[in-house]
Amino acid sequence: MLSYILRRTAYSILVIVGVMLLTFILFRFAAGDPAEILLGKNPSPLEVEQLRKDLSSDKPLFWGNWQKTEIFRSVRFNEKKEYSGMNAEGDIKHGEGFLRIDCGKLSFTRNFELADTKLSANIAFRGTFTLQGKIYFSSDWENKFIGLVGSKENLVLETDKTLELKSVEFFREYKTPWDSQLLASFREIISFSDVFPFLSFLNFGKTLQTKEDIRHVLWRGMWPSLFLMLPIFFGELFLGIALALVSTAFRGKWVDKTVMILAVAGMSVSYLVFIIFGQWYLGYYFNWFPVWGYGSVKYLALPVIIGILSGLGGGVRFYRTVFVNELNREYLRTAEAKGCTPYSVYCKHLLGNAMIPIITRATTLLPFLFTGSLLLESFFGIPGLGYAGINALMNSDLQMIKSLVIVTAFIFVFVNLLSDIAYAWADPRVRLE
């Protein structure tokens, strides 16, 4: 058992690393520049630079000495428009994805100053231009990476002939190439500390909206989610198993048919219908329950009832299918032949031998005990992790969203390990090797 747990723990670490790599790729590549997303239209260059630093997106992705900067505004001439931070003089024409200059110049405004910073420009061009006293020429399209001489003045790119530009992008030197965005993502999970035990875990930083420590948000939101989801979990589990056993015991009769009709109907109704119906009729019309807030047990009663009813249909149908598959097994016929009571046959022998699929289904629901229900917490104003996740999505709080994704991955991996151990406990024939 111990050797199996150790092997599974090592395997789980690899799974967590894979989840982190996938999360990193999604948040850094698919989501684009987080600073541009969060700051909206027309942010100041200094705000963009500072937010990139706060999010560690000012570092190289994996390895490198240069990273994009807003000291000068980078531009891509892919459409005809006015570009901020740049002034053009001379005969200017827009082509298909490039800017053509005949005997003119481009002046880039310096937005702010960073001490001891080396700058470079990556210029995609064709033609001739002069920059800081040096002449550059190319008869075909070329990307030229040019080191810039330190100056507090504006940067001027000029030509006395013809120059075509696709883009001008500016970069600043990063002195520690190994300190990348990927490494910063791993340090959010585990990093060294000056105090015992000299390791610090889950350092996701601060939320982008409230500037609150994310660990405090996770800890505070976990408890409302647990108080909401634990009754739903156990209520749906035990009530679903009980109804499925009754339906199985009266298989083919009107009791079985009634239970299955109600179960399929419950599965067919949208989660939102349960919520709206409960809030309107039970909360507003009959005034039996409060419909918003989190202060005492009465605030959780209605969302718990809705959570149980909305998931009960699927649970009953699943458990009944499992029990029906066990009905023709020899051990049940032997138990009946030995004179066991129906209660013993169904609740001891049948239920005991059907525990493996029941455990499998239950463990898939366990992570949501901690992460909460997005819809229930949002509609009822319960300040759990589901509610925090919805707010993070609405406010584009990428740090909070990323922390929830990684914490959920940790919980899923841990729960899968527990489910394997539970298999061996429920069925002696299972060997953990």
# chains A, B, ... in the order shown; residues from 1 in each chain; ligands from 1

$ residues_around --residues "Phe380 in chain A" --least-positions-apart "2" --cutoff "10 Å" --atoms "only C-alpha atoms" --output "PyMOL selection string"
chain A and resi 275+279+290-294+299-300+302-303+375-378+382-383+387

$ write_last_selection --atoms "C-alpha atoms" --output "PDB file, in the first residue's frame"
ATOM      1  CA  ILE A 275     -32.929  28.104  -9.505  1.00  0.00           C
ATOM      2  CA  GLN A 279     -36.296  31.794  -5.998  1.00  0.00           C
ATOM      3  CA  PRO A 290     -34.368  34.281   1.696  1.00  0.00           C
ATOM      4  CA  VAL A 291     -33.067  34.436  -1.860  1.00  0.00           C
ATOM      5  CA  TRP A 292     -29.870  36.437  -1.385  1.00  0.00           C
ATOM      6  CA  GLY A 293     -27.072  36.605   1.169  1.00  0.00           C
ATOM      7  CA  TYR A 294     -25.060  34.457   3.513  1.00  0.00           C
ATOM      8  CA  TYR A 299     -29.796  31.354   3.719  1.00  0.00           C
ATOM      9  CA  LEU A 300     -28.381  27.971   2.644  1.00  0.00           C
ATOM     10  CA  LEU A 302     -33.043  26.934  -0.543  1.00  0.00           C
ATOM     11  CA  PRO A 303     -29.809  26.560  -2.576  1.00  0.00           C
ATOM     12  CA  LEU A 375     -24.500  29.188 -10.609  1.00  0.00           C
ATOM     13  CA  LEU A 376     -25.822  28.632  -7.081  1.00  0.00           C
ATOM     14  CA  GLU A 377     -23.319  30.958  -5.436  1.00  0.00           C
ATOM     15  CA  SER A 378     -23.840  33.627  -8.089  1.00  0.00           C
ATOM     16  CA  ILE A 382     -22.986  33.156  -1.375  1.00  0.00           C
ATOM     17  CA  PRO A 383     -19.355  34.370  -1.123  1.00  0.00           C
ATOM     18  CA  TYR A 387     -18.800  33.308  -6.640  1.00  0.00           C
TER      19      TYR A 387
END

$ residues_around --residues "range 21-31 of chain A" --least-positions-apart "4" --cutoff "10 Å" --atoms "only C-alpha atoms" --output "list of chain:residue names"
A:Val15, A:Ile16, A:Val17, A:Ile37, A:Ser57, A:Leu61, A:Gln181, A:Leu182, A:Ser185, A:Phe186, A:Leu398, A:Gln399, A:Ile401, A:Lys402, A:Val405, A:Ile406

$ write_last_selection --atoms "C-alpha atoms" --output "PDB file, in the first residue's frame"
ATOM      1  CA  VAL A  15       0.203  15.480 -13.653  1.00  0.00           C
ATOM      2  CA  ILE A  16       0.353  18.763 -11.720  1.00  0.00           C
ATOM      3  CA  VAL A  17       3.391  19.853 -13.741  1.00  0.00           C
ATOM      4  CA  ILE A  37      -6.744  43.090 -21.617  1.00  0.00           C
ATOM      5  CA  SER A  57       4.806  39.071 -17.989  1.00  0.00           C
ATOM      6  CA  LEU A  61       8.649  33.327 -21.724  1.00  0.00           C
ATOM      7  CA  GLN A 181       7.632  33.670 -16.934  1.00  0.00           C
ATOM      8  CA  LEU A 182       7.503  29.865 -16.803  1.00  0.00           C
ATOM      9  CA  SER A 185       4.553  30.300 -12.632  1.00  0.00           C
ATOM     10  CA  PHE A 186       6.240  27.379 -10.855  1.00  0.00           C
ATOM     11  CA  LEU A 398      -6.365  36.464 -14.640  1.00  0.00           C
ATOM     12  CA  GLN A 399      -4.408  35.868 -11.439  1.00  0.00           C
ATOM     13  CA  ILE A 401      -8.722  32.574 -12.438  1.00  0.00           C
ATOM     14  CA  LYS A 402      -5.331  30.903 -12.735  1.00  0.00           C
ATOM     15  CA  VAL A 405      -7.601  26.367 -12.050  1.00  0.00           C
ATOM     16  CA  ILE A 406      -4.439  25.152 -10.321  1.00  0.00           C
TER      17      ILE A 406
END

$ closest_atom_pairs --of "range 75-151 of chain A" --to "range 39-52 of chain A" --cutoff "12 Å" --atoms "only C-alpha atoms" --output "JSON lines"
{"residue": "A:Tyr83", "atom": "CA", "partner": "A:Asn42", "partner_atom": "CA", "distance": 11.6}
{"residue": "A:Ser84", "atom": "CA", "partner": "A:Asn42", "partner_atom": "CA", "distance": 9.3}
{"residue": "A:Gly85", "atom": "CA", "partner": "A:Pro45", "partner_atom": "CA", "distance": 9.5}
{"residue": "A:Thr109", "atom": "CA", "partner": "A:Pro45", "partner_atom": "CA", "distance": 11.1}
{"residue": "A:Arg110", "atom": "CA", "partner": "A:Pro45", "partner_atom": "CA", "distance": 9.8}
{"residue": "A:Asn111", "atom": "CA", "partner": "A:Pro45", "partner_atom": "CA", "distance": 6.5}
{"residue": "A:Phe112", "atom": "CA", "partner": "A:Leu46", "partner_atom": "CA", "distance": 6.9}
{"residue": "A:Glu113", "atom": "CA", "partner": "A:Leu46", "partner_atom": "CA", "distance": 9.4}
{"residue": "A:Leu114", "atom": "CA", "partner": "A:Leu46", "partner_atom": "CA", "distance": 10.3}

$ select_by_dssp --residues "range 33-237 of chain A" --states "strand (DSSP E or B)" --output "JSON, numbers by chain"
{"A": [66, 67, 68, 75, 76, 86, 87, 88, 89, 90, 91, 92, 93, 94, 99, 100, 101, 102, 103, 104, 105, 106, 107, 108, 119, 120, 121, 122, 123, 124, 125, 126, 127, 128, 129, 130, 131, 134, 135, 136, 137, 138, 139, 140, 141, 142, 143, 144, 145, 146, 147, 148, 155, 156, 157, 158, 159, 160, 161, 162, 163, 164, 165, 166, 167, 168, 169, 170, 171, 172, 173, 190, 191, 192, 199, 200, 201, 206, 213]}

$ atom_distance --atom1 "CA of Val19 in chain A" --atom2 "CA of Asp54 in chain A"
22.7 Å

$ residues_around --residues "Pro342 in chain A" --least-positions-apart "6" --cutoff "12 Å" --atoms "only C-alpha atoms" --output "PyMOL selection string"
chain A and resi 245-246+248-250+332-333+335-336+348-350

$ write_last_selection --atoms "N, CA and C atoms" --output "PDB file, in the first residue's frame"
ATOM      1  N   LEU A 245     -32.286   2.008  -4.989  1.00  0.00           N
ATOM      2  CA  LEU A 245     -32.538   0.689  -4.400  1.00  0.00           C
ATOM      3  C   LEU A 245     -34.024   0.349  -4.408  1.00  0.00           C
ATOM      4  N   VAL A 246     -34.867   1.328  -4.067  1.00  0.00           N
ATOM      5  CA  VAL A 246     -36.310   1.101  -4.099  1.00  0.00           C
ATOM      6  C   VAL A 246     -36.763   0.785  -5.514  1.00  0.00           C
ATOM      7  N   THR A 248     -34.993  -0.470  -7.907  1.00  0.00           N
ATOM      8  CA  THR A 248     -34.474  -1.789  -8.292  1.00  0.00           C
ATOM      9  C   THR A 248     -35.287  -2.902  -7.645  1.00  0.00           C
ATOM     10  N   ALA A 249     -35.660  -2.731  -6.383  1.00  0.00           N
ATOM     11  CA  ALA A 249     -36.438  -3.756  -5.678  1.00  0.00           C
ATOM     12  C   ALA A 249     -37.805  -3.970  -6.322  1.00  0.00           C
ATOM     13  N   PHE A 250     -38.372  -2.903  -6.893  1.00  0.00           N
ATOM     14  CA  PHE A 250     -39.678  -3.006  -7.560  1.00  0.00           C
ATOM     15  C   PHE A 250     -39.517  -2.885  -9.076  1.00  0.00           C
ATOM     16  N   LEU A 332     -26.315 -12.970  -5.324  1.00  0.00           N
ATOM     17  CA  LEU A 332     -27.634 -12.538  -4.884  1.00  0.00           C
ATOM     18  C   LEU A 332     -28.611 -13.720  -4.824  1.00  0.00           C
ATOM     19  N   ARG A 333     -28.528 -14.589  -5.827  1.00  0.00           N
ATOM     20  CA  ARG A 333     -29.392 -15.775  -5.792  1.00  0.00           C
ATOM     21  C   ARG A 333     -29.044 -16.669  -4.606  1.00  0.00           C
ATOM     22  N   ALA A 335     -27.785 -15.621  -1.728  1.00  0.00           N
ATOM     23  CA  ALA A 335     -28.275 -14.963  -0.516  1.00  0.00           C
ATOM     24  C   ALA A 335     -29.775 -15.170  -0.350  1.00  0.00           C
ATOM     25  N   GLU A 336     -30.521 -15.081  -1.448  1.00  0.00           N
ATOM     26  CA  GLU A 336     -31.959 -15.305  -1.368  1.00  0.00           C
ATOM     27  C   GLU A 336     -32.274 -16.760  -1.015  1.00  0.00           C
ATOM     28  N   LYS A 348     -27.136  -4.893   1.889  1.00  0.00           N
ATOM     29  CA  LYS A 348     -25.843  -5.420   2.297  1.00  0.00           C
ATOM     30  C   LYS A 348     -25.100  -6.032   1.116  1.00  0.00           C
ATOM     31  N   HIS A 349     -25.709  -7.054   0.490  1.00  0.00           N
ATOM     32  CA  HIS A 349     -25.000  -7.762  -0.582  1.00  0.00           C
ATOM     33  C   HIS A 349     -24.955  -6.943  -1.875  1.00  0.00           C
ATOM     34  N   LEU A 350     -26.127  -6.476  -2.324  1.00  0.00           N
ATOM     35  CA  LEU A 350     -26.159  -5.721  -3.583  1.00  0.00           C
ATOM     36  C   LEU A 350     -25.385  -4.413  -3.471  1.00  0.00           C
TER      37      LEU A 350
END

$ residues_around --residues "Leu163 in chain A" --least-positions-apart "2" --cutoff "9 Å" --atoms "only C-alpha atoms" --output "number ranges by chain"
A: 99-104, 125-129, 158-161, 165

$ write_last_selection --atoms "N, CA and C atoms" --output "PDB file, in the first residue's frame"
ATOM      1  N   LEU A  99       4.046  50.506 -44.250  1.00  0.00           N
ATOM      2  CA  LEU A  99       4.027  51.960 -44.385  1.00  0.00           C
ATOM      3  C   LEU A  99       5.185  52.367 -45.299  1.00  0.00           C
ATOM      4  N   ARG A 100       4.897  53.174 -46.297  1.00  0.00           N
ATOM      5  CA  ARG A 100       5.921  53.631 -47.257  1.00  0.00           C
ATOM      6  C   ARG A 100       6.233  55.097 -46.983  1.00  0.00           C
ATOM      7  N   ILE A 101       7.536  55.385 -46.859  1.00  0.00           N
ATOM      8  CA  ILE A 101       8.007  56.751 -46.607  1.00  0.00           C
ATOM      9  C   ILE A 101       8.975  57.136 -47.709  1.00  0.00           C
ATOM     10  N   ASP A 102       8.713  58.257 -48.377  1.00  0.00           N
ATOM     11  CA  ASP A 102       9.623  58.804 -49.381  1.00  0.00           C
ATOM     12  C   ASP A 102      10.160  60.131 -48.856  1.00  0.00           C
ATOM     13  N   CYS A 103      11.457  60.145 -48.561  1.00  0.00           N
ATOM     14  CA  CYS A 103      12.125  61.360 -48.065  1.00  0.00           C
ATOM     15  C   CYS A 103      11.382  61.930 -46.859  1.00  0.00           C
ATOM     16  N   GLY A 104      11.403  61.192 -45.782  1.00  0.00           N
ATOM     17  CA  GLY A 104      10.723  61.635 -44.574  1.00  0.00           C
ATOM     18  C   GLY A 104      11.318  60.988 -43.338  1.00  0.00           C
ATOM     19  N   PHE A 125      11.827  45.901 -42.384  1.00  0.00           N
ATOM     20  CA  PHE A 125      11.879  46.983 -43.366  1.00  0.00           C
ATOM     21  C   PHE A 125      12.383  46.471 -44.713  1.00  0.00           C
ATOM     22  N   ARG A 126      12.223  47.370 -45.682  1.00  0.00           N
ATOM     23  CA  ARG A 126      12.816  47.213 -47.011  1.00  0.00           C
ATOM     24  C   ARG A 126      13.127  48.600 -47.524  1.00  0.00           C
ATOM     25  N   GLY A 127      14.379  48.827 -47.899  1.00  0.00           N
ATOM     26  CA  GLY A 127      14.794  50.145 -48.346  1.00  0.00           C
ATOM     27  C   GLY A 127      15.977  50.661 -47.551  1.00  0.00           C
ATOM     28  N   THR A 128      16.029  51.993 -47.337  1.00  0.00           N
ATOM     29  CA  THR A 128      17.166  52.632 -46.670  1.00  0.00           C
ATOM     30  C   THR A 128      16.654  53.555 -45.580  1.00  0.00           C
ATOM     31  N   PHE A 129      17.332  53.530 -44.414  1.00  0.00           N
ATOM     32  CA  PHE A 129      17.004  54.474 -43.351  1.00  0.00           C
ATOM     33  C   PHE A 129      18.236  54.714 -42.490  1.00  0.00           C
ATOM     34  N   GLU A 158      14.887  58.093 -40.063  1.00  0.00           N
ATOM     35  CA  GLU A 158      14.662  58.938 -41.222  1.00  0.00           C
ATOM     36  C   GLU A 158      15.281  58.334 -42.473  1.00  0.00           C
ATOM     37  N   THR A 159      14.772  58.787 -43.617  1.00  0.00           N
ATOM     38  CA  THR A 159      15.268  58.324 -44.914  1.00  0.00           C
ATOM     39  C   THR A 159      15.225  59.472 -45.913  1.00  0.00           C
ATOM     40  N   ASP A 160      16.227  59.510 -46.817  1.00  0.00           N
ATOM     41  CA  ASP A 160      16.214  60.491 -47.908  1.00  0.00           C
ATOM     42  C   ASP A 160      15.918  59.817 -49.232  1.00  0.00           C
ATOM     43  N   LYS A 161      15.527  58.537 -49.163  1.00  0.00           N
ATOM     44  CA  LYS A 161      15.164  57.790 -50.384  1.00  0.00           C
ATOM     45  C   LYS A 161      13.775  57.189 -50.171  1.00  0.00           C
ATOM     46  N   LEU A 165       8.104  49.977 -44.177  1.00  0.00           N
ATOM     47  CA  LEU A 165       8.166  49.402 -42.831  1.00  0.00           C
ATOM     48  C   LEU A 165       6.942  48.534 -42.558  1.00  0.00           C
TER      49      LEU A 165
END

$ closest_atom_pairs --of "range 134-248 of chain A" --to "range 314-323 of chain A" --cutoff "8 Å" --atoms "only C-alpha atoms" --output "JSON lines"
{"residue": "A:Glu236", "atom": "CA", "partner": "A:Gly315", "partner_atom": "CA", "distance": 7.2}
{"residue": "A:Leu237", "atom": "CA", "partner": "A:Gly315", "partner_atom": "CA", "distance": 7.4}
{"residue": "A:Gly240", "atom": "CA", "partner": "A:Val316", "partner_atom": "CA", "distance": 4.7}
{"residue": "A:Ile241", "atom": "CA", "partner": "A:Tyr319", "partner_atom": "CA", "distance": 6.2}
{"residue": "A:Leu243", "atom": "CA", "partner": "A:Val316", "partner_atom": "CA", "distance": 6.5}
{"residue": "A:Ala244", "atom": "CA", "partner": "A:Arg320", "partner_atom": "CA", "distance": 4.7}
{"residue": "A:Leu245", "atom": "CA", "partner": "A:Arg320", "partner_atom": "CA", "distance": 6.8}
{"residue": "A:Ser247", "atom": "CA", "partner": "A:Arg320", "partner_atom": "CA", "distance": 7.0}
{"residue": "A:Thr248", "atom": "CA", "partner": "A:Arg320", "partner_atom": "CA", "distance": 6.2}

$ write_last_selection --atoms "C-alpha atoms" --output "mmCIF file, in the first residue's frame"
data_model
loop_
_atom_site.group_PDB
_atom_site.id
_atom_site.type_symbol
_atom_site.label_atom_id
_atom_site.label_comp_id
_atom_site.auth_asym_id
_atom_site.auth_seq_id
_atom_site.Cartn_x
_atom_site.Cartn_y
_atom_site.Cartn_z
ATOM 1 C CA GLU A 236 -27.800 13.716 -3.402
ATOM 2 C CA LEU A 237 -25.645 10.642 -2.649
ATOM 3 C CA GLY A 240 -30.114 8.901 -4.856
ATOM 4 C CA ILE A 241 -28.899 5.498 -3.611
ATOM 5 C CA LEU A 243 -34.405 5.793 -4.427
ATOM 6 C CA ALA A 244 -32.338 3.645 -6.797
ATOM 7 C CA LEU A 245 -32.538 0.689 -4.400
ATOM 8 C CA SER A 247 -36.626 1.325 -7.875
ATOM 9 C CA THR A 248 -34.474 -1.789 -8.292
#

$ residues_around --residues "range 4-10 of chain A" --least-positions-apart "5" --cutoff "12 Å" --atoms "only C-alpha atoms" --output "JSON, numbers by chain"
{"A": [15, 16, 17, 410, 413, 414, 415, 416, 417, 418, 419, 420, 421, 424, 431, 432, 433]}

$ write_last_selection --atoms "N, CA and C atoms" --output "compact mmCIF listing (two decimals), in the first residue's frame"
# COMPACT_ATOMS: atom_id res chain seq x y z
N VAL A 15 1.48 14.97 -13.16
CA VAL A 15 0.20 15.48 -13.65
C VAL A 15 0.06 16.97 -13.34
N ILE A 16 0.44 17.35 -12.11
CA ILE A 16 0.35 18.76 -11.72
C ILE A 16 1.26 19.62 -12.59
N VAL A 17 2.47 19.11 -12.87
CA VAL A 17 3.39 19.85 -13.74
C VAL A 17 2.78 20.03 -15.13
N PHE A 410 -5.08 20.41 -8.19
CA PHE A 410 -4.54 19.76 -7.00
C PHE A 410 -5.60 18.88 -6.34
N VAL A 413 -6.38 15.67 -8.38
CA VAL A 413 -5.32 14.66 -8.27
C VAL A 413 -5.38 13.97 -6.91
N PHE A 414 -5.58 14.73 -5.85
CA PHE A 414 -5.65 14.16 -4.51
C PHE A 414 -6.87 13.25 -4.37
N VAL A 415 -7.99 13.67 -4.91
CA VAL A 415 -9.22 12.88 -4.81
C VAL A 415 -9.08 11.58 -5.60
N ASN A 416 -8.41 11.60 -6.74
CA ASN A 416 -8.19 10.36 -7.50
C ASN A 416 -7.36 9.36 -6.71
N LEU A 417 -6.37 9.85 -5.96
CA LEU A 417 -5.59 8.97 -5.10
C LEU A 417 -6.47 8.38 -4.00
N LEU A 418 -7.32 9.20 -3.40
CA LEU A 418 -8.23 8.69 -2.37
C LEU A 418 -9.19 7.66 -2.93
N SER A 419 -9.66 7.86 -4.16
CA SER A 419 -10.61 6.92 -4.75
C SER A 419 -9.97 5.55 -4.95
N ASP A 420 -8.71 5.51 -5.35
CA ASP A 420 -8.03 4.22 -5.52
C ASP A 420 -7.90 3.49 -4.18
N ILE A 421 -7.58 4.24 -3.13
CA ILE A 421 -7.50 3.63 -1.80
C ILE A 421 -8.88 3.15 -1.36
N ALA A 424 -9.85 -0.33 -2.72
CA ALA A 424 -9.32 -1.46 -1.96
C ALA A 424 -10.08 -1.67 -0.66
N ARG A 431 -6.44 -5.06 -5.58
CA ARG A 431 -5.08 -5.02 -5.05
C ARG A 431 -4.35 -3.80 -5.60
N LEU A 432 -3.81 -3.01 -4.70
CA LEU A 432 -3.05 -1.82 -5.11
C LEU A 432 -1.60 -2.21 -5.28
N GLU A 433 -1.17 -2.36 -6.51
CA GLU A 433 0.20 -2.80 -6.79
C GLU A 433 0.91 -1.82 -7.68

$ atom_distance --atom1 "CA of Phe289 in chain A" --atom2 "CA of Ile308 in chain A"
16.1 Å

$ atom_distance --atom1 "CA of Leu239 in chain A" --atom2 "CA of Gly339 in chain A"
27.6 Å

$ residues_around --residues "Ala124 in chain A" --least-positions-apart "2" --cutoff "9 Å" --atoms "only C-alpha atoms" --output "mmCIF file with N, CA and C atoms, in the first residue's frame"
data_model
loop_
_atom_site.group_PDB
_atom_site.id
_atom_site.type_symbol
_atom_site.label_atom_id
_atom_site.label_comp_id
_atom_site.auth_asym_id
_atom_site.auth_seq_id
_atom_site.Cartn_x
_atom_site.Cartn_y
_atom_site.Cartn_z
ATOM 1 N N ASN A 122 13.591 46.151 -33.017
ATOM 2 C CA ASN A 122 13.472 45.128 -34.055
ATOM 3 C C ASN A 122 12.631 45.725 -35.182
ATOM 4 N N ARG A 126 12.223 47.370 -45.682
ATOM 5 C CA ARG A 126 12.816 47.213 -47.011
ATOM 6 C C ARG A 126 13.127 48.600 -47.524
ATOM 7 N N TRP A 141 12.714 42.334 -47.920
ATOM 8 C CA TRP A 141 12.221 42.450 -46.550
ATOM 9 C C TRP A 141 13.183 41.778 -45.576
ATOM 10 N N GLU A 142 13.488 42.495 -44.480
ATOM 11 C CA GLU A 142 14.460 41.995 -43.504
ATOM 12 C C GLU A 142 14.047 42.472 -42.105
ATOM 13 N N ASN A 143 14.322 41.615 -41.120
ATOM 14 C CA ASN A 143 14.148 41.995 -39.718
ATOM 15 C C ASN A 143 15.514 42.323 -39.144
ATOM 16 N N LYS A 144 15.682 43.561 -38.708
ATOM 17 C CA LYS A 144 16.974 44.016 -38.185
ATOM 18 C C LYS A 144 16.848 44.319 -36.701
ATOM 19 N N PHE A 145 17.655 43.631 -35.886
ATOM 20 C CA PHE A 145 17.674 43.870 -34.437
ATOM 21 C C PHE A 145 18.829 44.813 -34.132
ATOM 22 N N GLU A 164 10.160 51.214 -46.693
ATOM 23 C CA GLU A 164 8.901 50.531 -46.391
ATOM 24 C C GLU A 164 9.053 49.777 -45.079
ATOM 25 N N LEU A 165 8.104 49.977 -44.177
ATOM 26 C CA LEU A 165 8.166 49.402 -42.831
ATOM 27 C C LEU A 165 6.942 48.534 -42.558
ATOM 28 N N LYS A 166 7.183 47.321 -42.025
ATOM 29 C CA LYS A 166 6.085 46.482 -41.550
ATOM 30 C C LYS A 166 5.845 46.669 -40.054
ATOM 31 N N SER A 167 6.936 46.836 -39.310
ATOM 32 C CA SER A 167 6.785 46.996 -37.863
ATOM 33 C C SER A 167 8.060 47.566 -37.281
ATOM 34 N N VAL A 168 7.884 48.242 -36.149
ATOM 35 C CA VAL A 168 9.008 48.705 -35.336
ATOM 36 C C VAL A 168 8.671 48.353 -33.891
ATOM 37 N N GLU A 169 9.417 47.431 -33.299
ATOM 38 C CA GLU A 169 9.151 46.963 -31.943
ATOM 39 C C GLU A 169 10.372 47.210 -31.074
#
